[in-house]
$ cat coords15.pdb   # PDB, C-alpha atoms
MODEL        1
ATOM      1  CA  MET A   1      13.471 157.522 122.432
ATOM      2  CA  GLN A   2      16.918 158.726 121.397
ATOM      3  CA  PHE A   3      19.625 159.384 123.983
ATOM      4  CA  ILE A   4      22.876 161.227 123.334
ATOM      5  CA  ILE A   5      25.499 160.958 126.059
ATOM      6  CA  VAL A   6      27.757 164.015 125.960
ATOM      7  CA  THR A   7      30.990 163.689 127.891
ATOM      8  CA  GLY A   8      34.695 164.370 127.515
ATOM      9  CA  MET A   9      37.604 166.382 128.834
ATOM     10  CA  SER A  10      36.826 169.353 131.056
ATOM     11  CA  GLY A  11      37.274 172.510 129.012
ATOM     12  CA  ALA A  12      36.836 170.740 125.673
ATOM     13  CA  GLY A  13      33.367 172.161 125.009
ATOM     14  CA  LYS A  14      30.849 169.769 126.556
ATOM     15  CA  SER A  15      28.700 172.472 128.162
ATOM     16  CA  THR A  16      28.710 174.570 124.991
ATOM     17  CA  ALA A  17      27.607 171.536 122.985
ATOM     18  CA  ILE A  18      24.701 170.935 125.348
ATOM     19  CA  LYS A  19      23.534 174.518 124.781
ATOM     20  CA  HIS A  20      23.585 173.876 121.028
ATOM     21  CA  PHE A  21      21.495 170.736 121.539
ATOM     22  CA  GLU A  22      18.971 172.776 123.519
ATOM     23  CA  ASP A  23      18.711 175.179 120.585
ATOM     24  CA  MET A  24      18.011 172.173 118.343
ATOM     25  CA  GLY A  25      15.055 171.115 120.468
ATOM     26  CA  TYR A  26      16.651 168.417 122.607
ATOM     27  CA  TYR A  27      15.750 167.959 126.259
ATOM     28  CA  CYS A  28      19.076 168.349 128.057
ATOM     29  CA  ILE A  29      20.312 167.499 131.529
ATOM     30  CA  ASP A  30      23.903 168.325 132.454
ATOM     31  CA  ASN A  31      26.083 166.611 135.067
ATOM     32  CA  LEU A  32      23.754 163.668 135.652
ATOM     33  CA  PRO A  33      25.488 160.939 137.720
ATOM     34  CA  PRO A  34      25.621 157.767 135.595
ATOM     35  CA  ALA A  35      24.009 155.690 138.343
ATOM     36  CA  LEU A  36      20.866 157.838 138.065
ATOM     37  CA  ILE A  37      20.296 157.185 134.354
ATOM     38  CA  PRO A  38      17.923 154.228 135.015
ATOM     39  CA  ASN A  39      15.913 156.357 137.461
ATOM     40  CA  PHE A  40      15.682 159.119 134.889
ATOM     41  CA  ILE A  41      14.431 156.646 132.271
ATOM     42  CA  ASP A  42      11.734 155.410 134.639
ATOM     43  CA  LEU A  43      10.696 159.001 135.250
ATOM     44  CA  ILE A  44      10.176 159.903 131.588
ATOM     45  CA  LYS A  45       9.345 156.563 129.933
ATOM     46  CA  ASP A  46       5.611 157.347 129.868
ATOM     47  CA  LYS A  47       6.250 160.747 128.265
ATOM     48  CA  GLN A  48       8.117 159.701 125.146
ATOM     49  CA  ASN A  49       6.227 162.178 122.978
ATOM     50  CA  THR A  50       7.557 164.981 125.157
ATOM     51  CA  TYR A  51      11.044 163.573 125.671
ATOM     52  CA  ASP A  52      11.752 161.858 122.356
ATOM     53  CA  LYS A  53      15.236 163.407 122.016
ATOM     54  CA  VAL A  54      17.314 163.542 125.189
ATOM     55  CA  VAL A  55      20.872 164.728 125.803
ATOM     56  CA  LEU A  56      22.601 163.715 129.021
ATOM     57  CA  GLY A  57      25.761 165.541 130.008
ATOM     58  CA  ILE A  58      27.734 163.027 132.036
ATOM     59  CA  ASP A  59      30.414 164.093 134.493
ATOM     60  CA  ILE A  60      32.324 161.008 135.616
ATOM     61  CA  ARG A  61      35.348 162.712 137.078
ATOM     62  CA  GLY A  62      34.318 162.342 140.723
ATOM     63  CA  GLY A  63      35.564 158.811 141.256
ATOM     64  CA  ILE A  64      32.462 157.111 139.853
ATOM     65  CA  LEU A  65      33.288 153.702 138.451
ATOM     66  CA  PHE A  66      33.185 153.389 134.701
ATOM     67  CA  ASN A  67      31.063 150.253 134.896
ATOM     68  CA  GLU A  68      28.254 152.352 136.395
ATOM     69  CA  LEU A  69      28.083 154.322 133.174
ATOM     70  CA  PHE A  70      28.162 151.301 130.909
ATOM     71  CA  ASN A  71      25.741 149.380 133.133
ATOM     72  CA  SER A  72      23.333 152.286 132.824
ATOM     73  CA  LEU A  73      23.799 152.337 129.052
ATOM     74  CA  ASN A  74      23.057 148.617 128.903
ATOM     75  CA  ASN A  75      19.834 149.450 130.709
ATOM     76  CA  LEU A  76      18.945 151.756 127.809
ATOM     77  CA  ILE A  77      19.516 148.921 125.350
ATOM     78  CA  ASN A  78      17.395 146.527 127.390
ATOM     79  CA  GLN A  79      14.531 149.008 127.222
ATOM     80  CA  GLN A  80      15.026 149.341 123.449
ATOM     81  CA  HIS A  81      16.286 152.901 123.559
ATOM     82  CA  GLU A  82      19.000 154.032 121.155
ATOM     83  CA  TYR A  83      21.991 155.927 122.465
ATOM     84  CA  GLN A  84      25.215 157.466 121.216
ATOM     85  CA  ILE A  85      28.271 158.592 123.157
ATOM     86  CA  LEU A  86      29.613 161.921 121.908
ATOM     87  CA  PHE A  87      33.069 162.560 123.351
ATOM     88  CA  PHE A  88      34.683 166.007 123.356
ATOM     89  CA  ASP A  89      38.469 166.011 123.382
ATOM     90  CA  CYS A  90      41.212 168.641 123.197
ATOM     91  CA  GLN A  91      44.996 168.666 123.315
ATOM     92  CA  ASP A  92      46.523 169.277 126.732
ATOM     93  CA  ASP A  93      48.335 172.508 125.847
ATOM     94  CA  MET A  94      45.123 174.084 124.554
ATOM     95  CA  LEU A  95      43.197 172.984 127.662
ATOM     96  CA  ILE A  96      45.860 174.596 129.853
ATOM     97  CA  LYS A  97      45.618 177.793 127.805
ATOM     98  CA  ARG A  98      41.834 177.872 128.198
ATOM     99  CA  TYR A  99      42.032 177.401 131.958
ATOM    100  CA  LYS A 100      44.599 180.167 132.282
ATOM    101  CA  GLU A 101      42.525 182.538 130.160
ATOM    102  CA  THR A 102      39.403 181.940 132.262
ATOM    103  CA  ARG A 103      41.399 181.775 135.526
ATOM    104  CA  ARG A 104      39.461 178.699 136.555
ATOM    105  CA  ALA A 105      40.862 175.706 138.417
ATOM    106  CA  HIS A 106      40.643 172.261 136.884
ATOM    107  CA  PRO A 107      37.811 170.316 138.601
ATOM    108  CA  ILE A 108      40.028 167.492 139.832
ATOM    109  CA  SER A 109      43.385 169.235 140.155
ATOM    110  CA  LYS A 110      42.641 170.360 143.747
ATOM    111  CA  ASN A 111      45.893 171.923 144.948
ATOM    112  CA  GLU A 112      47.900 170.447 142.113
ATOM    113  CA  ARG A 113      48.890 172.127 138.858
ATOM    114  CA  ILE A 114      46.422 172.259 135.977
ATOM    115  CA  TYR A 115      48.338 169.823 133.782
ATOM    116  CA  GLU A 116      48.295 167.211 136.562
ATOM    117  CA  GLY A 117      44.503 167.415 136.779
ATOM    118  CA  ILE A 118      44.240 167.100 132.998
ATOM    119  CA  SER A 119      46.529 164.067 133.035
ATOM    120  CA  GLN A 120      44.452 162.363 135.736
ATOM    121  CA  GLU A 121      41.199 163.088 133.942
ATOM    122  CA  ARG A 122      42.513 161.779 130.627
ATOM    123  CA  LYS A 123      43.413 158.470 132.259
ATOM    124  CA  MET A 124      39.982 158.253 133.913
ATOM    125  CA  LEU A 125      38.184 158.890 130.625
ATOM    126  CA  GLU A 126      40.287 156.584 128.461
ATOM    127  CA  HIS A 127      37.778 153.722 128.404
ATOM    128  CA  VAL A 128      34.851 156.044 127.801
ATOM    129  CA  LYS A 129      36.634 157.590 124.828
ATOM    130  CA  GLN A 130      37.322 154.143 123.416
ATOM    131  CA  GLY A 131      33.614 153.360 123.609
ATOM    132  CA  ALA A 132      32.484 156.638 122.037
ATOM    133  CA  HIS A 133      30.506 156.623 118.799
ATOM    134  CA  TYR A 134      31.830 160.059 117.817
ATOM    135  CA  ILE A 135      34.811 162.120 118.954
ATOM    136  CA  ILE A 136      34.997 165.857 118.358
ATOM    137  CA  ASP A 137      38.419 167.389 118.951
ATOM    138  CA  THR A 138      38.068 171.112 119.664
ATOM    139  CA  THR A 139      41.778 171.973 119.838
ATOM    140  CA  TYR A 140      41.651 174.241 116.802
ATOM    141  CA  THR A 141      37.932 174.649 116.276
ATOM    142  CA  LEU A 142      35.812 177.727 116.789
ATOM    143  CA  PRO A 143      32.433 177.525 118.587
ATOM    144  CA  ARG A 144      30.659 177.923 115.258
ATOM    145  CA  ASP A 145      32.545 174.881 113.895
ATOM    146  CA  VAL A 146      31.188 172.711 116.712
ATOM    147  CA  LYS A 147      27.701 174.097 116.172
ATOM    148  CA  GLU A 148      27.976 173.338 112.456
ATOM    149  CA  ALA A 149      29.142 169.780 113.162
ATOM    150  CA  LEU A 150      26.314 169.072 115.612
ATOM    151  CA  TYR A 151      23.685 170.569 113.330
ATOM    152  CA  SER A 152      24.974 168.506 110.405
ATOM    153  CA  MET A 153      24.986 165.293 112.455
ATOM    154  CA  TYR A 154      21.711 165.584 114.321
ATOM    155  CA  MET A 155      19.481 167.926 112.334
ATOM    156  CA  GLU A 156      20.480 167.317 108.720
ATOM    157  CA  LYS A 157      21.368 163.674 109.508
ATOM    158  CA  SER A 158      24.479 164.004 107.371
ATOM    159  CA  GLU A 159      27.320 161.529 107.669
ATOM    160  CA  PHE A 160      29.816 162.821 110.219
ATOM    161  CA  LYS A 161      33.380 162.198 109.117
ATOM    162  CA  ASN A 162      34.640 162.168 112.743
ATOM    163  CA  LEU A 163      37.643 164.221 111.631
ATOM    164  CA  MET A 164      37.971 167.926 112.367
ATOM    165  CA  VAL A 165      40.327 169.579 109.874
ATOM    166  CA  THR A 166      42.237 172.802 110.467
ATOM    167  CA  ILE A 167      43.940 174.443 107.496
ATOM    168  CA  LEU A 168      46.726 176.647 108.815
ATOM    169  CA  ILE A 169      47.917 179.266 106.330
ATOM    170  CA  PHE A 170      51.396 180.560 107.157
ATOM    171  CA  GLY A 171      54.486 182.303 105.865
ATOM    172  CA  PHE A 172      57.789 180.440 105.973
ATOM    173  CA  LYS A 173      59.615 183.595 106.970
ATOM    174  CA  TYR A 174      57.557 183.632 110.172
ATOM    175  CA  GLY A 175      58.272 180.009 111.005
ATOM    176  CA  VAL A 176      56.728 176.637 110.237
ATOM    177  CA  PRO A 177      53.875 175.780 112.655
ATOM    178  CA  ILE A 178      55.100 172.943 114.849
ATOM    179  CA  ASP A 179      51.617 171.507 115.397
ATOM    180  CA  SER A 180      50.957 170.735 111.725
ATOM    181  CA  ASP A 181      50.398 167.099 110.779
ATOM    182  CA  LEU A 182      51.002 167.845 107.093
ATOM    183  CA  VAL A 183      52.903 170.773 105.576
ATOM    184  CA  PHE A 184      52.713 171.828 101.924
ATOM    185  CA  ASP A 185      55.176 174.348 100.507
ATOM    186  CA  VAL A 186      53.600 176.319  97.635
ATOM    187  CA  ARG A 187      56.496 178.715  97.039
ATOM    188  CA  PHE A 188      57.067 177.075  93.637
ATOM    189  CA  ILE A 189      53.937 178.859  92.346
ATOM    190  CA  PRO A 190      54.692 182.236  90.667
ATOM    191  CA  ASN A 191      54.488 184.978  93.270
ATOM    192  CA  PRO A 192      51.961 187.846  92.896
ATOM    193  CA  PHE A 193      54.055 189.825  95.383
ATOM    194  CA  TYR A 194      56.166 191.047  92.474
ATOM    195  CA  ASP A 195      53.158 192.663  90.811
ATOM    196  CA  ILE A 196      53.006 196.088  92.444
ATOM    197  CA  ASN A 197      49.225 196.227  92.027
ATOM    198  CA  LEU A 198      48.701 192.860  93.728
ATOM    199  CA  ARG A 199      51.272 193.249  96.488
ATOM    200  CA  PRO A 200      48.986 195.008  99.026
ATOM    201  CA  LEU A 201      46.158 192.519  98.392
ATOM    202  CA  THR A 202      45.709 188.994  99.743
ATOM    203  CA  GLY A 203      44.694 185.624  98.386
ATOM    204  CA  ASN A 204      41.137 186.441  99.409
ATOM    205  CA  ASP A 205      40.980 189.049  96.639
ATOM    206  CA  GLN A 206      39.749 187.940  93.228
ATOM    207  CA  SER A 207      42.589 189.553  91.277
ATOM    208  CA  VAL A 208      45.189 187.625  93.292
ATOM    209  CA  GLN A 209      43.233 184.408  92.815
ATOM    210  CA  ASP A 210      43.084 185.010  89.066
ATOM    211  CA  TYR A 211      46.834 185.570  88.965
ATOM    212  CA  VAL A 212      47.710 182.438  90.955
ATOM    213  CA  LEU A 213      45.246 180.192  89.124
ATOM    214  CA  GLN A 214      46.306 181.215  85.616
ATOM    215  CA  PHE A 215      49.332 178.907  85.774
ATOM    216  CA  ASP A 216      49.157 175.249  84.768
ATOM    217  CA  ILE A 217      51.495 174.289  87.598
ATOM    218  CA  THR A 218      49.022 175.699  90.131
ATOM    219  CA  ASN A 219      46.093 173.725  88.800
ATOM    220  CA  GLU A 220      48.152 170.557  88.501
ATOM    221  CA  PHE A 221      49.182 170.907  92.142
ATOM    222  CA  ILE A 222      45.575 171.473  93.257
ATOM    223  CA  SER A 223      44.511 168.339  91.405
ATOM    224  CA  LYS A 224      47.253 166.265  93.040
ATOM    225  CA  LEU A 225      46.564 167.807  96.462
ATOM    226  CA  THR A 226      42.854 166.997  96.404
ATOM    227  CA  ASP A 227      43.586 163.476  95.156
ATOM    228  CA  MET A 228      45.949 163.019  98.080
ATOM    229  CA  MET A 229      43.308 164.246 100.534
ATOM    230  CA  GLU A 230      40.769 161.783  99.142
ATOM    231  CA  PHE A 231      43.236 158.999  99.882
ATOM    232  CA  LEU A 232      44.748 160.174 103.170
ATOM    233  CA  LEU A 233      41.792 161.415 105.203
ATOM    234  CA  PRO A 234      39.683 158.226 105.144
ATOM    235  CA  ASN A 235      42.785 156.246 106.114
ATOM    236  CA  TYR A 236      43.572 158.652 108.951
ATOM    237  CA  MET A 237      40.033 158.121 110.244
ATOM    238  CA  LYS A 238      40.452 154.354 110.077
ATOM    239  CA  GLU A 239      43.398 154.585 112.454
ATOM    240  CA  GLY A 240      41.322 156.670 114.873
ATOM    241  CA  LYS A 241      42.630 160.143 114.090
ATOM    242  CA  ASN A 242      39.999 162.804 114.846
ATOM    243  CA  GLN A 243      41.980 166.041 114.452
ATOM    244  CA  LEU A 244      44.127 166.980 111.453
ATOM    245  CA  VAL A 245      46.135 170.169 110.992
ATOM    246  CA  ILE A 246      47.215 170.893 107.420
ATOM    247  CA  GLY A 247      49.811 173.628 107.046
ATOM    248  CA  ILE A 248      50.046 175.453 103.711
ATOM    249  CA  GLY A 249      52.878 177.927 103.413
ATOM    250  CA  CYS A 250      54.292 180.453 100.999
ATOM    251  CA  THR A 251      56.881 183.148 101.672
ATOM    252  CA  GLY A 252      54.694 185.568 103.631
ATOM    253  CA  GLY A 253      51.460 183.636 104.155
ATOM    254  CA  LYS A 254      49.476 186.298 102.329
ATOM    255  CA  HIS A 255      48.995 185.411  98.659
ATOM    256  CA  ARG A 256      49.656 181.933  97.247
ATOM    257  CA  SER A 257      49.037 179.907 100.399
ATOM    258  CA  VAL A 258      45.747 181.727 100.987
ATOM    259  CA  VAL A 259      44.482 180.902  97.499
ATOM    260  CA  ILE A 260      45.432 177.229  97.802
ATOM    261  CA  GLY A 261      44.138 176.980 101.372
ATOM    262  CA  ASN A 262      40.748 178.399 100.441
ATOM    263  CA  ILE A 263      40.391 175.972  97.547
ATOM    264  CA  LEU A 264      41.331 173.027  99.767
ATOM    265  CA  SER A 265      38.908 174.198 102.457
ATOM    266  CA  ASN A 266      36.022 174.362  99.992
ATOM    267  CA  PHE A 267      36.917 170.943  98.598
ATOM    268  CA  LEU A 268      36.932 169.307 102.033
ATOM    269  CA  LYS A 269      33.671 170.985 103.063
ATOM    270  CA  GLU A 270      32.014 169.724  99.889
ATOM    271  CA  ASN A 271      33.136 166.236 100.919
ATOM    272  CA  GLY A 272      31.504 166.465 104.338
ATOM    273  CA  TYR A 273      34.392 167.503 106.574
ATOM    274  CA  ILE A 274      34.174 170.207 109.228
ATOM    275  CA  VAL A 275      36.945 172.666 108.363
ATOM    276  CA  ASN A 276      38.418 175.598 110.246
ATOM    277  CA  ILE A 277      40.819 177.853 108.342
ATOM    278  CA  ASP A 278      43.391 179.997 110.148
ATOM    279  CA  TYR A 279      45.209 182.766 108.238
ATOM    280  CA  ARG A 280      48.028 182.983 110.754
ATOM    281  CA  ASP A 281      50.320 185.467 109.012
ATOM    282  CA  ILE A 282      48.061 187.218 106.509
ATOM    283  CA  ASP A 283      48.432 190.679 108.115
ATOM    284  CA  LYS A 284      52.016 190.486 109.350
ATOM    285  CA  ASP A 285      53.614 192.122 106.313
ATOM    286  CA  ASN A 286      51.279 195.103 106.706
ATOM    287  CA  LYS A 287      52.192 195.447 110.379
ATOM    288  CA  ARG A 288      55.868 195.428 109.449
ATOM    289  CA  GLY A 289      55.303 198.140 106.847
ATOM    290  CA  LYS A 290      55.935 195.982 103.802
TER     291      LYS A 290
ENDMDL
END

$ encode --input "coords15.pdb" --output "C-alpha cells"
Amino acid sequence: MQFIIVTGMSGAGKSTAIKHFEDMGYYCIDNLPPALIPNFIDLIKDKQNTYDKVVLGIDIRGGILFNELFNSLNNLINQQHEYQILFFDCQDDMLIKRYKETRRAHPISKNERIYEGISQERKMLEHVKQGAHYIIDTTYTLPRDVKEALYSMYMEKSEFKNLMVTILIFGFKYGVPIDSDLVFDVRFIPNPFYDINLRPLTGNDQSVQDYVLQFDITNEFISKLTDMMEFLLPNYMKEGKNQLVIGIGCTGGKHRSVVIGNILSNFLKENGYIVNIDYRDIDKDNKRGK
C-alpha cells in the first residue's frame, strides 16, 4: 500500500493537489490528525485492493507535536507500507496576496496580521519540510503546472526534478523584475522592432522567430545558455533550491526575449523540468500606442 502525505503552508495549494490526486484515482482524506494515522491503517489494512493508493492531507498547525506525525510515519514503515511526504511551499508575499484576494483569514493568525500567522506556521512546519521527499513551490506556478507535475510524478512515474522554473519575459524599459534569481540581457541580438512589418508582431510569431534566429550570435548565445542551465540547475537542486525564476529581457519584452524564452522553456521541459513562462510586458507597447 502506497501512502502520500500532502502537507505544507496554508494557501500554497495543498487542497488543490488533493483534488488532482482524486482525479488520478487515489483515495484521499484531508485534514487527518497525525495521531489518527495508525487507526486509519488498522481500518483499511484488510482492504488493500481497494485502498492501494492513499493520499493523506495532514494539517499540523493546531499545536500537534511534530513527533506525533513522525511516530505515525514510523508505524507505516513497521507495517511495510511505503510513504512519501509531499510539501507545498510558497513565498510569504505571494501567500499574503492570495489571502487578500480571497478575503480569508490565515488559520492560525487569529486576531493578528496575516504575515504573523504565516511566520508562525513556517516555523512550525520547518522540521516537516526538512523531512519531505519532494517540495513543490507554487509561488509562480499556475494550477495546471501543479497538475502536470503531479501527473508526471505519480502517473507517468517520471523523475521529478524538485525544481519549479519560471521564465519571466520582460522589457528593460519597464523595469527589471526584482524577484528574478538569474537575469539575461538579450538586447545584443539584432532587433526586429526596426522592421516595420515585424514591429506589431511578437516573438510568438514565426516571422519574428525566423528573423531573430537567422543570426549566428543568437544561436551561439542559445547554445551557451542551455549549457549553463545543464550545469546550474542540478547544482541548485543539490543545495535545496526548489524554485527558480529566470528573467530574460530585451528592450520592450515583446520580440527577442520572447523568442529566447520560448526556446529555453522547451529545452527545460524536454529535460524534465516543470516550467511556467510569464510574458510580463508583451502587450505593453500596444497599450501605449507604439

$ closest_residue --input "coords15.pdb" --among "A:Ile277, A:Ala17, A:Met164, A:Ile77" --to "A:Asn242" --atoms "all atoms listed in the file"
A:Met164

$ residues_around --input "coords15.pdb" --residues "stretch 200-214 of chain A" --least-positions-apart "2" --cutoff "6 Å" --atoms "only C-alpha atoms" --output "PyMOL selection string"
chain A and resi 198+218+254-255+258-259

$ residues_near_point --input "coords15.pdb" --point "(45.0, 177.9, 110.6)" --cutoff "12 Å" --atoms "all atoms listed in the file" --output "number ranges by chain"
A: 139-142, 165-171, 176-177, 179-180, 183, 244-249, 253, 257-258, 261-262, 265, 275-282

$ write_last_selection --input "coords15.pdb" --atoms "C-alpha atoms" --output "mmCIF file, in the coordinates of the input"
data_model
loop_
_atom_site.group_PDB
_atom_site.id
_atom_site.type_symbol
_atom_site.label_atom_id
_atom_site.label_comp_id
_atom_site.auth_asym_id
_atom_site.auth_seq_id
_atom_site.Cartn_x
_atom_site.Cartn_y
_atom_site.Cartn_z
ATOM 1 C CA THR A 139 41.778 171.973 119.838
ATOM 2 C CA TYR A 140 41.651 174.241 116.802
ATOM 3 C CA THR A 141 37.932 174.649 116.276
ATOM 4 C CA LEU A 142 35.812 177.727 116.789
ATOM 5 C CA VAL A 165 40.327 169.579 109.874
ATOM 6 C CA THR A 166 42.237 172.802 110.467
ATOM 7 C CA ILE A 167 43.940 174.443 107.496
ATOM 8 C CA LEU A 168 46.726 176.647 108.815
ATOM 9 C CA ILE A 169 47.917 179.266 106.330
ATOM 10 C CA PHE A 170 51.396 180.560 107.157
ATOM 11 C CA GLY A 171 54.486 182.303 105.865
ATOM 12 C CA VAL A 176 56.728 176.637 110.237
ATOM 13 C CA PRO A 177 53.875 175.780 112.655
ATOM 14 C CA ASP A 179 51.617 171.507 115.397
ATOM 15 C CA SER A 180 50.957 170.735 111.725
ATOM 16 C CA VAL A 183 52.903 170.773 105.576
ATOM 17 C CA LEU A 244 44.127 166.980 111.453
ATOM 18 C CA VAL A 245 46.135 170.169 110.992
ATOM 19 C CA ILE A 246 47.215 170.893 107.420
ATOM 20 C CA GLY A 247 49.811 173.628 107.046
ATOM 21 C CA ILE A 248 50.046 175.453 103.711
ATOM 22 C CA GLY A 249 52.878 177.927 103.413
ATOM 23 C CA GLY A 253 51.460 183.636 104.155
ATOM 24 C CA SER A 257 49.037 179.907 100.399
ATOM 25 C CA VAL A 258 45.747 181.727 100.987
ATOM 26 C CA GLY A 261 44.138 176.980 101.372
ATOM 27 C CA ASN A 262 40.748 178.399 100.441
ATOM 28 C CA SER A 265 38.908 174.198 102.457
ATOM 29 C CA VAL A 275 36.945 172.666 108.363
ATOM 30 C CA ASN A 276 38.418 175.598 110.246
ATOM 31 C CA ILE A 277 40.819 177.853 108.342
ATOM 32 C CA ASP A 278 43.391 179.997 110.148
ATOM 33 C CA TYR A 279 45.209 182.766 108.238
ATOM 34 C CA ARG A 280 48.028 182.983 110.754
ATOM 35 C CA ASP A 281 50.320 185.467 109.012
ATOM 36 C CA ILE A 282 48.061 187.218 106.509
#

$ atom_distance --input "coords15.pdb" --atom1 "atom CA of A:Lys14" --atom2 "atom CA of A:Ile85"
12.0 Å

$ closest_residue --input "coords15.pdb" --among "A:Leu36, A:Leu268, A:Ile58, A:Ile44" --to "A:Leu86" --atoms "only C-alpha atoms"
A:Ile58
